[in-house]
Amino acid sequence: MARAAEYTGLTPAAFEAKYVYRTKHLRRLRKPPDRQCPFLEQGGCSIHPAKPTQCRLFPFWPELVADRGLWNDAGRRCPGIGQGELIQIGTAIEIASEMERAYPTFYGLD
Ligand code: SF4
């Protein structure tokens with residue numbers, strides 16, 4: 001969140017007040033009424049170099065990597081899944097573990 005705040009020229013507190021709400025385990029970006037994310041622009045992510053970890057690692061989230069059905073569901077909603085270079089499963093699992101390290105509470109690891 002600090003990287004995104006800096007990228008947008010806001011303090012972390014100001015960024016959070018403007019763009020973030022908290023759930024029990026996570027901080028989430030507020031969803032504007034007209035799109036899925038406040039930073040989603042016509043050309044893609046407007047904070048791409050500083051986007052949140054879960055965005056940077058998507059779709060290699062532990063729950064998706066571990067479940068072909070969930071992976072396929074995500075693929076029906078995200079046109080990027082299934083495109084690009086083939087990723088070996090070991091690499092996918094390694095990337096997914098970064099999610100667990102970044103969000104241990106969400107994954108019940110702390
Ligand atoms: S990559 Fe993340 S921050 Fe960027 S537009 Fe998509 S959901 Fe928003």
# chains A, B, ... in the order shown; residues from 1 in each chain; ligands from 1
$ residues_around --residues "Lys51 of chain A" --least-positions-apart "5" --cutoff "12 Å" --atoms "only C-alpha atoms" --output "list of chain:residue names"
A:Met1, A:Ala2, A:Arg3, A:Ala4, A:Ala5, A:Glu6, A:Tyr7, A:Thr8, A:Leu29, A:Cys37, A:Pro38, A:Phe39, A:Leu40, A:Gly44, A:Cys45, A:Ser46, A:Arg56, A:Leu57, A:Phe58
$ write_last_selection --atoms "C-alpha atoms" --output "short mmCIF file (atom, residue, chain, number, x, y, z; two decimals), in the first residue's frame"
data_model
loop_
_atom_site.label_atom_id
_atom_site.label_comp_id
_atom_site.auth_asym_id
_atom_site.auth_seq_id
_atom_site.Cartn_x
_atom_site.Cartn_y
_atom_site.Cartn_z
CA MET A 1 0.00 0.00 0.00
CA ALA A 2 2.91 2.34 0.75
CA ARG A 3 4.23 1.97 -2.81
CA ALA A 4 0.85 2.79 -4.30
CA ALA A 5 0.50 5.76 -1.98
CA GLU A 6 3.90 7.10 -2.98
CA TYR A 7 3.16 6.49 -6.67
CA THR A 8 -0.05 8.52 -6.43
CA LEU A 29 -9.52 -1.02 -2.62
CA CYS A 37 -11.14 -0.71 -9.23
CA PRO A 38 -10.43 3.02 -8.82
CA PHE A 39 -7.18 2.58 -10.75
CA LEU A 40 -8.61 0.68 -13.70
CA GLY A 44 -5.19 -0.85 -17.95
CA CYS A 45 -3.89 -0.33 -14.45
CA SER A 46 -2.96 3.32 -13.86
CA ARG A 56 1.09 -8.25 -9.14
CA LEU A 57 0.86 -11.97 -8.35
CA PHE A 58 -2.56 -12.64 -9.89
#
$ residues_around --residues "Tyr19 of chain A" --least-positions-apart "4" --cutoff "9 Å" --atoms "only C-alpha atoms" --output "short mmCIF file (atom, residue, chain, number, x, y, z; two decimals) with C-alpha atoms, in the first residue's frame"
data_model
loop_
_atom_site.label_atom_id
_atom_site.label_comp_id
_atom_site.auth_asym_id
_atom_site.auth_seq_id
_atom_site.Cartn_x
_atom_site.Cartn_y
_atom_site.Cartn_z
CA ALA A 14 -4.38 9.89 2.78
CA PHE A 15 -4.23 7.00 0.29
CA ARG A 28 -9.31 -3.70 0.02
CA LEU A 29 -9.52 -1.02 -2.62
CA ARG A 30 -12.87 0.71 -2.74
CA LYS A 31 -14.85 -0.16 -5.84
CA PRO A 38 -10.43 3.02 -8.82
#
$ closest_residue --among "A:Asp34, A:Leu86, A:Ile93, A:Gln54" --to "Asp67 of chain A" --atoms "only C-alpha atoms"
A:Ile93
$ closest_residue --among "A:Lys18, A:Arg27, A:His48, A:Arg35" --to "ligand 1" --atoms "only C-alpha atoms and all ligand atoms"
A:His48
$ residues_around --residues "Pro62 of chain A" --least-positions-apart "4" --cutoff "9 Å" --atoms "only C-alpha atoms" --output "MDAnalysis selection string"
chainID A and resid 66:67 92:93 95:97 99:100 107
$ residues_around --residues "Gly82 of chain A" --least-positions-apart "6" --cutoff "12 Å" --atoms "only C-alpha atoms" --output "list of chain:residue names"
A:Pro59, A:Phe60, A:Trp71, A:Asn72, A:Asp73, A:Ala74, A:Gly75, A:Arg76
$ select_by_dssp --residues "segment 27-104 of chain A" --states "strand (DSSP E or B)" --output "PyMOL selection string"
chain A and resi 27-29+40-41+44-45
$ closest_residue --among "A:Thr53, A:Val20, A:Trp61, A:Gly43" --to "Thr91 of chain A" --atoms "only C-alpha atoms"
A:Trp61
$ closest_residue --among "A:Ala13, A:Cys78, A:Leu64, A:Gln36" --to "ligand 1" --atoms "only C-alpha atoms and all ligand atoms"
A:Gln36
$ select_by_dssp --residues "chain A" --states "alpha helix (DSSP H)" --output "ChimeraX atom specification"
/A:2-8,12-19,53-57,62-65,68-77,89-102
$ write_last_selection --atoms "N, CA and C atoms" --output "tab-separated table (two decimals), in the first residue's frame"
chain	number	residue	atom	x	y	z
A	2	ALA	N	2.01	1.18	0.69
A	2	ALA	CA	2.91	2.34	0.75
A	2	ALA	C	3.43	2.71	-0.64
A	3	ARG	N	3.74	1.69	-1.45
A	3	ARG	CA	4.23	1.97	-2.81
A	3	ARG	C	3.16	2.66	-3.64
A	4	ALA	N	1.94	2.18	-3.54
A	4	ALA	CA	0.85	2.79	-4.30
A	4	ALA	C	0.60	4.21	-3.82
A	5	ALA	N	0.69	4.42	-2.53
A	5	ALA	CA	0.50	5.76	-1.98
A	5	ALA	C	1.56	6.70	-2.54
A	6	GLU	N	2.80	6.27	-2.47
A	6	GLU	CA	3.90	7.10	-2.98
A	6	GLU	C	3.72	7.38	-4.48
A	7	TYR	N	3.33	6.35	-5.22
A	7	TYR	CA	3.16	6.49	-6.67
A	7	TYR	C	2.08	7.51	-7.01
A	8	THR	N	1.04	7.57	-6.18
A	8	THR	CA	-0.05	8.52	-6.43
A	8	THR	C	0.20	9.89	-5.82
A	12	PRO	N	0.55	7.59	3.01
A	12	PRO	CA	-0.18	6.34	3.23
A	12	PRO	C	-1.53	6.56	3.89
A	13	ALA	N	-1.60	7.47	4.83
A	13	ALA	CA	-2.87	7.73	5.51
A	13	ALA	C	-3.90	8.34	4.56
A	14	ALA	N	-3.45	9.26	3.74
A	14	ALA	CA	-4.38	9.89	2.78
A	14	ALA	C	-4.82	8.89	1.72
A	15	PHE	N	-3.90	8.03	1.28
A	15	PHE	CA	-4.23	7.00	0.29
A	15	PHE	C	-5.28	6.07	0.87
A	16	GLU	N	-5.05	5.63	2.11
A	16	GLU	CA	-5.99	4.70	2.72
A	16	GLU	C	-7.37	5.35	2.89
A	17	ALA	N	-7.38	6.59	3.33
A	17	ALA	CA	-8.67	7.27	3.54
A	17	ALA	C	-9.44	7.39	2.22
A	18	LYS	N	-8.71	7.60	1.14
A	18	LYS	CA	-9.37	7.83	-0.15
A	18	LYS	C	-9.74	6.54	-0.87
A	19	TYR	N	-8.87	5.52	-0.78
A	19	TYR	CA	-9.04	4.37	-1.66
A	19	TYR	C	-9.28	3.02	-0.97
A	53	THR	N	0.39	-6.13	-4.07
A	53	THR	CA	0.98	-7.47	-4.24
A	53	THR	C	-0.01	-8.46	-4.84
A	54	GLN	N	-1.25	-8.47	-4.35
A	54	GLN	CA	-2.21	-9.44	-4.88
A	54	GLN	C	-2.49	-9.22	-6.35
A	55	CYS	N	-2.38	-7.98	-6.81
A	55	CYS	CA	-2.56	-7.70	-8.24
A	55	CYS	C	-1.33	-8.16	-9.01
A	56	ARG	N	-0.16	-7.88	-8.47
A	56	ARG	CA	1.09	-8.25	-9.14
A	56	ARG	C	1.20	-9.77	-9.30
A	57	LEU	N	0.71	-10.52	-8.33
A	57	LEU	CA	0.86	-11.97	-8.35
A	57	LEU	C	-0.30	-12.70	-9.03
A	62	PRO	N	-2.63	-18.83	-4.09
A	62	PRO	CA	-2.66	-20.22	-3.62
A	62	PRO	C	-3.97	-20.93	-3.91
A	63	GLU	N	-5.09	-20.27	-3.66
A	63	GLU	CA	-6.39	-20.93	-3.84
A	63	GLU	C	-6.67	-21.24	-5.30
A	64	LEU	N	-6.13	-20.46	-6.22
A	64	LEU	CA	-6.34	-20.72	-7.65
A	64	LEU	C	-5.37	-21.77	-8.17
A	65	VAL	N	-4.13	-21.69	-7.72
A	65	VAL	CA	-3.12	-22.65	-8.16
A	65	VAL	C	-3.48	-24.06	-7.68
A	68	ARG	N	-8.09	-26.56	-9.83
A	68	ARG	CA	-8.28	-26.35	-11.27
A	68	ARG	C	-9.64	-25.70	-11.58
A	69	GLY	N	-10.67	-26.07	-10.82
A	69	GLY	CA	-11.99	-25.50	-11.04
A	69	GLY	C	-12.00	-24.00	-10.81
A	70	LEU	N	-11.39	-23.57	-9.69
A	70	LEU	CA	-11.32	-22.13	-9.41
A	70	LEU	C	-10.46	-21.42	-10.44
A	71	TRP	N	-9.38	-22.10	-10.87
A	71	TRP	CA	-8.51	-21.52	-11.90
A	71	TRP	C	-9.29	-21.31	-13.19
A	72	ASN	N	-10.07	-22.31	-13.58
A	72	ASN	CA	-10.85	-22.20	-14.80
A	72	ASN	C	-11.93	-21.12	-14.68
A	73	ASP	N	-12.56	-21.02	-13.49
A	73	ASP	CA	-13.55	-19.95	-13.26
A	73	ASP	C	-12.90	-18.58	-13.44
A	74	ALA	N	-11.71	-18.42	-12.84
A	74	ALA	CA	-10.99	-17.14	-12.96
A	74	ALA	C	-10.67	-16.87	-14.43
A	75	GLY	N	-10.31	-17.92	-15.15
A	75	GLY	CA	-9.97	-17.77	-16.56
A	75	GLY	C	-11.16	-17.31	-17.41
A	76	ARG	N	-12.36	-17.65	-16.98
A	76	ARG	CA	-13.55	-17.20	-17.72
A	76	ARG	C	-13.82	-15.71	-17.48
A	77	ARG	N	-13.32	-15.18	-16.35
A	77	ARG	CA	-13.54	-13.76	-16.05
A	77	ARG	C	-12.35	-12.88	-16.45
A	89	ILE	N	4.33	-25.67	-13.08
A	89	ILE	CA	3.56	-25.69	-11.84
A	89	ILE	C	4.44	-25.34	-10.63
A	90	GLY	N	5.71	-25.76	-10.66
A	90	GLY	CA	6.61	-25.42	-9.54
A	90	GLY	C	6.80	-23.93	-9.41
A	91	THR	N	6.88	-23.25	-10.54
A	91	THR	CA	7.01	-21.79	-10.53
A	91	THR	C	5.72	-21.16	-10.02
A	92	ALA	N	4.58	-21.69	-10.46
A	92	ALA	CA	3.29	-21.17	-10.01
A	92	ALA	C	3.15	-21.32	-8.49
A	93	ILE	N	3.56	-22.46	-7.96
A	93	ILE	CA	3.48	-22.70	-6.52
A	93	ILE	C	4.42	-21.76	-5.77
A	94	GLU	N	5.59	-21.54	-6.34
A	94	GLU	CA	6.55	-20.62	-5.71
A	94	GLU	C	5.99	-19.20	-5.67
A	95	ILE	N	5.39	-18.76	-6.76
A	95	ILE	CA	4.78	-17.43	-6.79
A	95	ILE	C	3.64	-17.36	-5.79
A	96	ALA	N	2.84	-18.43	-5.74
A	96	ALA	CA	1.71	-18.46	-4.81
A	96	ALA	C	2.18	-18.36	-3.36
A	97	SER	N	3.33	-18.93	-3.07
A	97	SER	CA	3.83	-18.86	-1.69
A	97	SER	C	4.17	-17.42	-1.30
A	98	GLU	N	4.48	-16.59	-2.28
A	98	GLU	CA	4.73	-15.17	-1.98
A	98	GLU	C	3.44	-14.52	-1.47
A	99	MET	N	2.30	-14.95	-2.03
A	99	MET	CA	1.02	-14.45	-1.53
A	99	MET	C	0.83	-14.83	-0.07
A	100	GLU	N	1.16	-16.06	0.28
A	100	GLU	CA	1.00	-16.53	1.66
A	100	GLU	C	1.91	-15.74	2.59
A	101	ARG	N	3.12	-15.43	2.13
A	101	ARG	CA	4.03	-14.64	2.98
A	101	ARG	C	3.54	-13.20	3.11
A	102	ALA	N	2.95	-12.68	2.05
A	102	ALA	CA	2.47	-11.29	2.07
A	102	ALA	C	1.19	-11.14	2.90
$ atom_distance --atom1 "atom CA of Pro52 of chain A" --atom2 "atom 1 (S, counted along the ligand's line) of ligand 1"
7.3 Å
